[in-house]
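K.L.:
Got a structure for you, written out below as structure tokens; questions coming shortly.
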Amino acid sequence: MSVIIIPVIAFSWGVTGHRVVSEIAKNHLTNKSKREIKKIIGNESISSWANWPDFIKSDTTHTWDHTSTWHYVNLPSNLSKEAFVAALQQLPAENLYSQIIAMKNQLADKTLSIEQRRTALIFLIHLIGDLHQPLHVGRGEDLGGNRIKINWFDKSTNLHSLWDNALVDFQQYSYTEYASILDIADKNQIAAWQNSSLEDWFYETYQLANKVYESVPTDLKFGYRYNFEFKKDLDNQLLKGGYRLAKVLNDALK
Ligand SMILES: [Zn+2]
């Protein structure tokens, strides 16, 4: 018997993080993808939809409650890659991994209605972002860091929320500024990040999650030093998320 615990405390990459990922992706879409996306969401920007799957958690009609488990997977720490992938593929119910695959298939399926493909597109934009927030591939016992109470400068928060919001906001960029500052990787690097498998992407994020768990300061005080230690990882996650979102959309819409 299993107990399903739904983290209700934090969302996922705050609004800025998700928009940075989608804004970078926008720069790497094929012309075909751009045309197909226009047929689905018109002139609206993909970045304007990047946070909708979090906003609907507050829909009092509860229309979307079944999607609340789609934003994360929970796995024990420090598994080998083989054990990790096996566990990932055997997770029960609908989760971040199963739904990225499902949404990609639905977006690619032209026999579905535009409305269904629109929902699939919007979830993909969001979920590829979540996949790159390390604590969305975190441990179950602490709800992906939500139960690890910490201080960010003089404010009390938790480890999950720190990675969703505070660390991103601390950089003090708008999402378009952040995207243009990050989006300078060379072709070979972009190809390497894009052409690894979905399971590789999950494992990379998981390895970063392990590092995040191991790097919690004993006094639980986070600030300048933590930013210095993890800024490169944060930037790389947003950047990889952007390139990989472009790859997933290009594959689904070709
Ligand atoms: Zn999310």
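Within each chain, counting starts at residue 1; across the structure tokens, chains are named A, B, ... in the order shown, with ligands numbered 1 upward in that order.
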Using only C-alpha atoms and all ligand atoms, find each residue of chain A with at least one atom at most 8 Å away from an atom of ligand 1; report its shortest atom-to-atom pair and that distance in Å (one decimal), sort the rows by chain and rising residue number, and return the result as CSV.
P.N.:
residue,atom,partner,partner_atom_place_in_ligand_line,distance
A:Phe11,CA,ligand 1,1 (Zn),5.8
A:Ser12,CA,ligand 1,1 (Zn),4.3
A:Trp13,CA,ligand 1,1 (Zn),6.9
A:Asn51,CA,ligand 1,1 (Zn),7.6
A:Pro53,CA,ligand 1,1 (Zn),6.4
A:Asp54,CA,ligand 1,1 (Zn),5.5
A:Trp70,CA,ligand 1,1 (Zn),7.7
A:His71,CA,ligand 1,1 (Zn),4.6
A:Tyr72,CA,ligand 1,1 (Zn),7.5
A:His126,CA,ligand 1,1 (Zn),6.3
A:Leu127,CA,ligand 1,1 (Zn),6.2
A:Gly129,CA,ligand 1,1 (Zn),7.7
A:Asp130,CA,ligand 1,1 (Zn),5.4
K.L.:
Keeping only N, CA and C atoms, write the selected residues to a file as a compact mmCIF listing (two decimals), in the first residue's frame.
P.N.:
# COMPACT_ATOMS: atom_id res chain seq x y z
N PHE A 11 5.36 25.74 -5.64
CA PHE A 11 5.00 25.46 -7.02
C PHE A 11 6.16 24.78 -7.72
N SER A 12 6.75 25.43 -8.63
CA SER A 12 7.88 24.91 -9.39
C SER A 12 8.63 26.15 -9.80
N TRP A 13 9.75 26.02 -10.53
CA TRP A 13 10.42 27.26 -10.95
C TRP A 13 9.40 28.38 -10.86
N ASN A 51 3.60 29.33 -17.22
CA ASN A 51 3.24 29.10 -15.81
C ASN A 51 1.80 28.65 -15.60
N PRO A 53 0.22 25.81 -16.05
CA PRO A 53 -0.01 24.56 -15.29
C PRO A 53 0.17 24.70 -13.77
N ASP A 54 0.85 25.74 -13.32
CA ASP A 54 0.88 26.01 -11.87
C ASP A 54 -0.33 26.83 -11.45
N TRP A 70 1.80 15.71 -11.90
CA TRP A 70 2.56 15.72 -13.16
C TRP A 70 3.87 16.51 -13.07
N HIS A 71 4.02 17.30 -12.01
CA HIS A 71 5.12 18.28 -11.96
C HIS A 71 6.43 17.72 -11.40
N TYR A 72 6.43 16.49 -10.91
CA TYR A 72 7.62 15.99 -10.22
C TYR A 72 7.66 14.46 -10.26
N HIS A 126 5.80 23.80 -19.79
CA HIS A 126 5.98 23.89 -18.34
C HIS A 126 6.79 22.71 -17.78
N LEU A 127 6.44 21.51 -18.20
CA LEU A 127 7.03 20.31 -17.58
C LEU A 127 8.51 20.14 -17.92
N GLY A 129 10.50 22.55 -18.16
CA GLY A 129 11.08 23.44 -17.15
C GLY A 129 11.19 22.73 -15.81
N ASP A 130 10.10 22.16 -15.34
CA ASP A 130 10.12 21.44 -14.06
C ASP A 130 11.19 20.35 -14.03
K.L.:
Contacts of range 109-117 of chain A at 12 Å or less, counting only C-alpha atoms, minus same-chain residues fewer than 5 places along, as a VMD selection string?
P.N.:
chain A and resid 36 to 42 102 to 104 122 to 124 249 251 to 254
K.L.:
Which residue is closest to Tyr173 in chain A? Choose from A:Thr16, A:Asn43, A:Gln207, A:Thr157 and count only C-alpha atoms.
P.N.:
A:Thr16
K.L.:
Between A:Leu239, A:Ile100, A:Leu131, A:Ile190, which has the minimum distance to Ala209 in chain A (counting only C-alpha atoms)?
P.N.:
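Result for the nearest residue to Ala209 in chain A: A:Leu131.
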K.L.:
So which residues touch Val20 in chain A within 12 Å, counting only C-alpha atoms, skipping near sequence neighbours fewer than 3 positions away, as a ChimeraX atom specification?
P.N.:
/A:13-17,23-27,46-48,50-51,125-126,128-129,132,168-169,173-183,234-243,245
K.L.:
Write a file of the just-selected residues containing C-alpha atoms, as a CSV table (one decimal), in the first residue's frame.
P.N.:
chain,number,residue,atom,x,y,z
A,13,TRP,CA,10.4,27.3,-11.0
A,14,GLY,CA,8.7,30.5,-10.1
A,15,VAL,CA,7.3,32.5,-12.9
A,16,THR,CA,10.7,33.9,-14.0
A,17,GLY,CA,12.4,30.5,-14.2
A,23,GLU,CA,12.2,32.2,-24.0
A,24,ILE,CA,15.5,30.3,-24.7
A,25,ALA,CA,13.5,27.6,-26.4
A,26,LYS,CA,11.8,30.2,-28.7
A,27,ASN,CA,15.2,31.1,-30.1
A,46,ILE,CA,5.0,30.4,-25.5
A,47,SER,CA,6.5,32.2,-22.5
A,48,SER,CA,3.1,33.7,-21.7
A,50,ALA,CA,4.8,28.8,-19.3
A,51,ASN,CA,3.2,29.1,-15.8
A,125,ILE,CA,6.4,24.0,-22.1
A,126,HIS,CA,6.0,23.9,-18.3
A,128,ILE,CA,10.4,20.5,-19.5
A,129,GLY,CA,11.1,23.4,-17.1
A,132,HIS,CA,15.3,21.0,-14.9
A,168,VAL,CA,16.3,32.8,-9.6
A,169,ASP,CA,15.0,36.1,-8.3
A,173,TYR,CA,17.1,39.8,-14.3
A,174,SER,CA,13.8,40.0,-16.2
A,175,TYR,CA,13.1,36.8,-18.0
A,176,THR,CA,14.1,38.2,-21.3
A,177,GLU,CA,17.3,39.6,-19.9
A,178,TYR,CA,18.2,36.3,-18.3
A,179,ALA,CA,17.4,34.3,-21.4
A,180,SER,CA,19.6,36.6,-23.6
A,181,ILE,CA,22.5,36.5,-21.2
A,182,LEU,CA,22.4,32.7,-21.0
A,183,ASP,CA,21.7,31.8,-24.6
A,234,LEU,CA,21.2,27.2,-11.8
A,235,ASP,CA,22.2,28.9,-15.1
A,236,ASN,CA,23.0,25.6,-16.7
A,237,GLN,CA,19.7,24.1,-15.7
A,238,LEU,CA,17.7,27.0,-17.2
A,239,LEU,CA,19.8,26.9,-20.3
A,240,LYS,CA,19.5,23.1,-20.8
A,241,GLY,CA,15.8,23.3,-20.1
A,242,GLY,CA,15.5,25.9,-22.9
A,243,TYR,CA,17.5,23.9,-25.5
A,245,LEU,CA,12.3,22.3,-24.8
K.L.:
As a PyMOL selection string, list the residues of range 126-187 of chain A assigned to strand (DSSP E or B) by DSSP on the backbone atoms of this structure.
P.N.:
chain A and resi 137-138+149-152+155-158
K.L.:
Could you state the separation of CA of Trp152 in chain A and CA of Tyr224 in chain A in Å, given to one decimal place?
P.N.:
9.3 Å
K.L.:
Where in range 95-236 of chain A does DSSP assign alpha helix (DSSP H), given as JSON, numbers by chain?
P.N.:
{"A": [96, 97, 98, 99, 100, 101, 102, 103, 104, 105, 106, 107, 108, 114, 115, 116, 117, 118, 119, 120, 121, 122, 123, 124, 125, 126, 127, 128, 129, 130, 131, 159, 160, 161, 167, 168, 169, 170, 175, 176, 177, 178, 179, 180, 181, 182, 187, 188, 189, 190, 191, 192, 193, 194, 195, 198, 199, 200, 201, 202, 203, 204, 205, 206, 207, 208, 209, 210, 211, 212, 213, 214, 224, 225, 226, 227, 228, 229, 230, 231, 232, 233, 234, 235, 236]}
K.L.:
Put those residues in a file: C-alpha atoms, as a compact mmCIF listing (two decimals), in the first residue's frame.
P.N.:
# COMPACT_ATOMS: atom_id res chain seq x y z
CA LEU A 96 6.64 14.19 -14.60
CA TYR A 97 8.28 11.45 -16.66
CA SER A 98 5.13 9.71 -17.90
CA GLN A 99 3.43 13.01 -18.70
CA ILE A 100 6.30 14.52 -20.69
CA ILE A 101 6.08 11.44 -22.92
CA ALA A 102 2.26 11.58 -23.04
CA MET A 103 2.12 15.33 -23.79
CA LYS A 104 4.74 15.04 -26.53
CA ASN A 105 2.74 12.24 -28.18
CA GLN A 106 -0.48 14.23 -27.94
CA LEU A 107 1.12 17.38 -29.36
CA ALA A 108 2.43 15.34 -32.31
CA ILE A 114 -6.56 21.71 -31.55
CA GLU A 115 -7.85 22.13 -27.99
CA GLN A 116 -6.24 18.85 -26.85
CA ARG A 117 -2.98 19.66 -28.63
CA ARG A 118 -3.02 23.14 -27.09
CA THR A 119 -3.24 21.67 -23.59
CA ALA A 120 -0.43 19.23 -24.46
CA LEU A 121 1.75 22.08 -25.79
CA ILE A 122 1.21 24.22 -22.69
CA PHE A 123 2.01 21.36 -20.33
CA LEU A 124 5.15 20.45 -22.29
CA ILE A 125 6.41 24.04 -22.10
CA HIS A 126 5.98 23.89 -18.34
CA LEU A 127 7.03 20.31 -17.58
CA ILE A 128 10.36 20.48 -19.45
CA GLY A 129 11.08 23.44 -17.15
CA ASP A 130 10.12 21.44 -14.06
CA LEU A 131 12.36 18.60 -15.22
CA LEU A 159 14.88 24.25 0.16
CA HIS A 160 12.37 23.57 -2.63
CA SER A 161 11.09 27.12 -2.71
CA LEU A 167 17.76 31.82 -6.21
CA VAL A 168 16.34 32.85 -9.60
CA ASP A 169 14.98 36.15 -8.32
CA PHE A 170 18.29 36.93 -6.60
CA TYR A 175 13.12 36.76 -17.95
CA THR A 176 14.10 38.20 -21.33
CA GLU A 177 17.35 39.62 -19.94
CA TYR A 178 18.17 36.32 -18.26
CA ALA A 179 17.40 34.34 -21.44
CA SER A 180 19.57 36.56 -23.64
CA ILE A 181 22.47 36.48 -21.18
CA LEU A 182 22.40 32.66 -20.98
CA LYS A 187 26.48 24.51 -31.50
CA ASN A 188 28.33 21.44 -30.23
CA GLN A 189 27.29 22.07 -26.65
CA ILE A 190 23.68 22.66 -27.67
CA ALA A 191 23.66 19.44 -29.72
CA ALA A 192 25.18 17.45 -26.85
CA TRP A 193 22.54 18.70 -24.43
CA GLN A 194 19.71 18.14 -26.89
CA ASN A 195 20.66 14.75 -28.26
CA LEU A 198 14.94 11.90 -21.80
CA GLU A 199 16.20 9.39 -19.21
CA ASP A 200 19.66 11.04 -19.37
CA TRP A 201 18.01 14.41 -18.73
CA PHE A 202 16.23 13.06 -15.67
CA TYR A 203 19.43 11.47 -14.38
CA GLU A 204 21.41 14.69 -14.77
CA THR A 205 18.83 16.63 -12.80
CA TYR A 206 18.76 13.86 -10.19
CA GLN A 207 22.53 14.04 -9.78
CA LEU A 208 22.25 17.77 -9.19
CA ALA A 209 19.46 17.09 -6.66
CA ASN A 210 21.81 14.75 -4.79
CA LYS A 211 24.44 17.51 -4.70
CA VAL A 212 21.83 20.01 -3.48
CA TYR A 213 20.80 17.69 -0.63
CA GLU A 214 24.43 17.07 0.32
CA TYR A 224 25.77 34.89 -0.79
CA ARG A 225 27.93 31.81 -0.37
CA TYR A 226 25.23 29.46 -1.59
CA ASN A 227 24.53 31.67 -4.57
CA PHE A 228 28.24 31.61 -5.43
CA GLU A 229 28.37 27.82 -5.09
CA PHE A 230 25.28 27.06 -7.18
CA LYS A 231 24.88 29.92 -9.64
CA LYS A 232 26.55 28.01 -12.48
CA ASP A 233 24.32 24.98 -11.86
CA LEU A 234 21.23 27.18 -11.78
CA ASP A 235 22.18 28.89 -15.06
CA ASN A 236 22.99 25.57 -16.73
K.L.:
Find, counting only C-alpha atoms, the residue in A:Asn158, A:Asn95, A:Ser22, A:Ser196 that gets nearest to Trp49 in chain A.
P.N.:
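Once distances to Trp49 in chain A are computed over only C-alpha atoms, the minimum belongs to A:Ser22.
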